[in-house]
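Since the structure comes first, as structure tokens, the remarks are kept for the end.
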Amino acid sequence: MPTAPALAMVTLVAVLLTLTRIGASEPVSASALAAPVRASAAAAPAPESAPAAANTASYSLDELLAALRLVETGGLRHEGRHATGDGGKAIGPYQIHRSYWKDSRLPGTHEDCRDPAYAREVVMAYWRRYCPRELAQGEVEVLARVHNGGPEGHRKSATLKFWRKVETELQRARSKALPKPPVPQPNPRPNPQPNPKPIRSSDSAPKIEFC
């Protein structure tokens, strides 16, 4: 069994060999070793993922109802009050069927849906019943597709074609409402001045008469 001095000598030799491999580098303190760990822990958190792109084009209910009327009636005169479609089952500016009118739960008759003001109230009541959240948030696509396809119309692929038509009318009306940039006017060309007739010296000199 090695003695204590021998063990001390072996330990010293091992330390010297380690220092020889490392070279003359300075010892690193415990605080210096901990510094990168602290920096890593304090690193700025990763940025949150970018939110989904929102629909930049927001339309009012008046714009939506106007677009619906154009799509439903083709822009007939008198706000479409005389429009009749689907074999006489759909009437008025928004081509309201009897079942649609009943679901609105408004007093009156189905024939009243020819009146633009009454028909508007029927559509609004229908939306308040079947898609109140989308109505409050102005989600025009959902509103248009529910109007066309019933309470679950916004989930039906068959209503996408109708929505595209409504969207086109919305965009067209919005583009017409935007102020048009002024048309640049061409610079007026200056009227050319006639060149003065050169005066000949013989013409300007006084004539001398001899008696």
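Identifiers in this document derive from the order of the structure tokens: chains are assigned A, B, ..., residues are numbered from 1 separately in each chain, and ligands are numbered from 1 in order of occurrence.
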
Within 6 Å of segment 164-177 of chain A using only C-alpha atoms, minus same-chain residues under 2 positions, as an MDAnalysis selection string: chainID A and resid 67 161:162

Would you put the residues from that selection into a file with C-alpha atoms, as a PDB file, in the first residue's frame?
```pdb
ATOM      1  CA  ALA A  67     -73.793  44.153 -53.437  1.00  0.00           C
ATOM      2  CA  LYS A 161     -69.534  31.024 -56.411  1.00  0.00           C
ATOM      3  CA  PHE A 162     -72.202  33.337 -55.023  1.00  0.00           C
TER       4      PHE A 162
END
```

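Using only C-alpha atoms, the shortest contact distance between Pro151 of chain A and any of A:Ala83, A:Leu65, A:Ala119, A:Cys131 is found at A:Cys131.
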
Find the nearest atom pair between each residue of segment 122-166 of chain A and segment 99-108 of chain A for residues within 6 Å, count only C-alpha atoms, give distances in Å to one decimal, sort rows by chain and ascending number, and present the table as CSV.
```
residue,atom,partner,partner_atom,distance
A:Val122,CA,A:Ser104,CA,5.6
A:Ala125,CA,A:Ser104,CA,5.1
A:Tyr126,CA,A:Ser104,CA,4.6
```

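If you look at atom CA of Asp112 of chain A and atom CA of Ala66 of chain A, they are 18.7 Å away from each other.
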
Strand (DSSP E) per DSSP on the backbone: members of segment 34-168 of chain A, as a short mmCIF file (atom, residue, chain, number, x, y, z; two decimals) with N, CA and C atoms, in the first residue's frame:
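Final output, selection.cif:
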```cif
data_model
loop_
_atom_site.label_atom_id
_atom_site.label_comp_id
_atom_site.auth_asym_id
_atom_site.auth_seq_id
_atom_site.Cartn_x
_atom_site.Cartn_y
_atom_site.Cartn_z
N THR A 84 -88.44 38.85 -59.54
CA THR A 84 -89.02 37.56 -59.18
C THR A 84 -88.16 36.47 -59.80
N GLY A 85 -87.76 35.50 -58.99
CA GLY A 85 -86.90 34.44 -59.50
C GLY A 85 -87.26 33.09 -58.92
N ALA A 90 -88.80 33.22 -55.18
CA ALA A 90 -87.92 34.23 -54.59
C ALA A 90 -88.34 35.60 -55.11
N ILE A 91 -88.50 36.54 -54.19
CA ILE A 91 -89.02 37.84 -54.60
C ILE A 91 -88.22 38.97 -53.96
#
```
